[in-house]
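**Student:** Quick one: this structure, given as structure tokens, is what I'll be asking you about.
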Amino acid sequence: MRRNLRHIRISKGYKEVDVIAQRVGISTSYYYKIEQGKRTPSVDLAKKIADVLNCTVDELFYNESLNEMSSNPSRNLKRR
């Protein structure tokens, strides 16, 4: 999650997060926590962030670990 969000933020020209945080109505520190994966935004907040960055929620919050799991299914088998 955090790689996508940070990468998209920077690619859209937002070097600092304060403008995005202000536009969506949260503190800068809360935004950083979302970007770091320490907090999960509500659906509404995720949509607001996506709107500010002009992309979809899926693009921002695609779970990279799911992609890794699907590419290596034997790694994910539980041993009994």
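Residues in the structure tokens are named by chain (A, B, ... in the order shown) and by number from 1 within that chain; ligands are numbered from 1 in the order shown.
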So which residues touch Asp18 of chain A within 10 Å, counting only C-alpha atoms, skipping near sequence neighbours fewer than 6 positions away, as an MDAnalysis selection string?
**Tutor:** chainID A and resid 26:29 31:32
**Student:** Neighbours of Ile49 of chain A within 8 Å (only C-alpha atoms; same-chain residues fewer than 3 positions away dropped), as a compact mmCIF listing (two decimals) with C-alpha atoms, in the first residue's frame?
**Tutor:**
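Below you can see out_0.txt, which holds the result:
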# COMPACT_ATOMS: atom_id res chain seq x y z
CA ILE A 20 -3.06 16.62 0.34
CA VAL A 24 -8.91 15.80 2.52
CA LEU A 45 -11.11 9.06 3.09
CA ALA A 46 -9.45 6.74 0.57
CA VAL A 52 -6.93 14.74 -4.91
CA LEU A 53 -4.30 12.61 -6.65
**Student:** Considering only C-alpha atoms, state which residue in the set A:Arg3, A:Lys12, A:Gln22, A:Glu59 is at the smallest distance from Lys47 of chain A.
**Tutor:**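 That would be A:Glu59, the residue with the smallest distance to Lys47 of chain A.
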**Student:** Enter the distance from atom CA of Thr56 of chain A to atom CA of Arg6 of chain A, in Å, rounded to one decimal.
**Tutor:**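 Atom CA of Thr56 of chain A sits 14.2 Å away from atom CA of Arg6 of chain A.
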**Student:** Record the distance separating atom CA of Lys38 of chain A and atom CA of Asn4 of chain A, expressed in Å with one decimal.
**Tutor:**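 Rounded to one decimal, the two atoms are 14.6 Å apart.
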**Student:** In Å, with one decimal, what is the gap from atom CA of His7 of chain A to atom CA of Ser42 of chain A?
**Tutor:** 20.4 Å
**Student:** Near Leu5 of chain A, within 10 Å and counting only C-alpha atoms, which residues show up once chain neighbours fewer than 3 positions away are dropped, as a list in words?
**Tutor:** Met1, Arg2, Ile8, Arg9, Ile10, Ser11, Ile34, Glu35, Gln36, Gly37, Ile49, Ala50, Leu53, Val57, Glu59, Leu60, Phe61 and Tyr62 of chain A
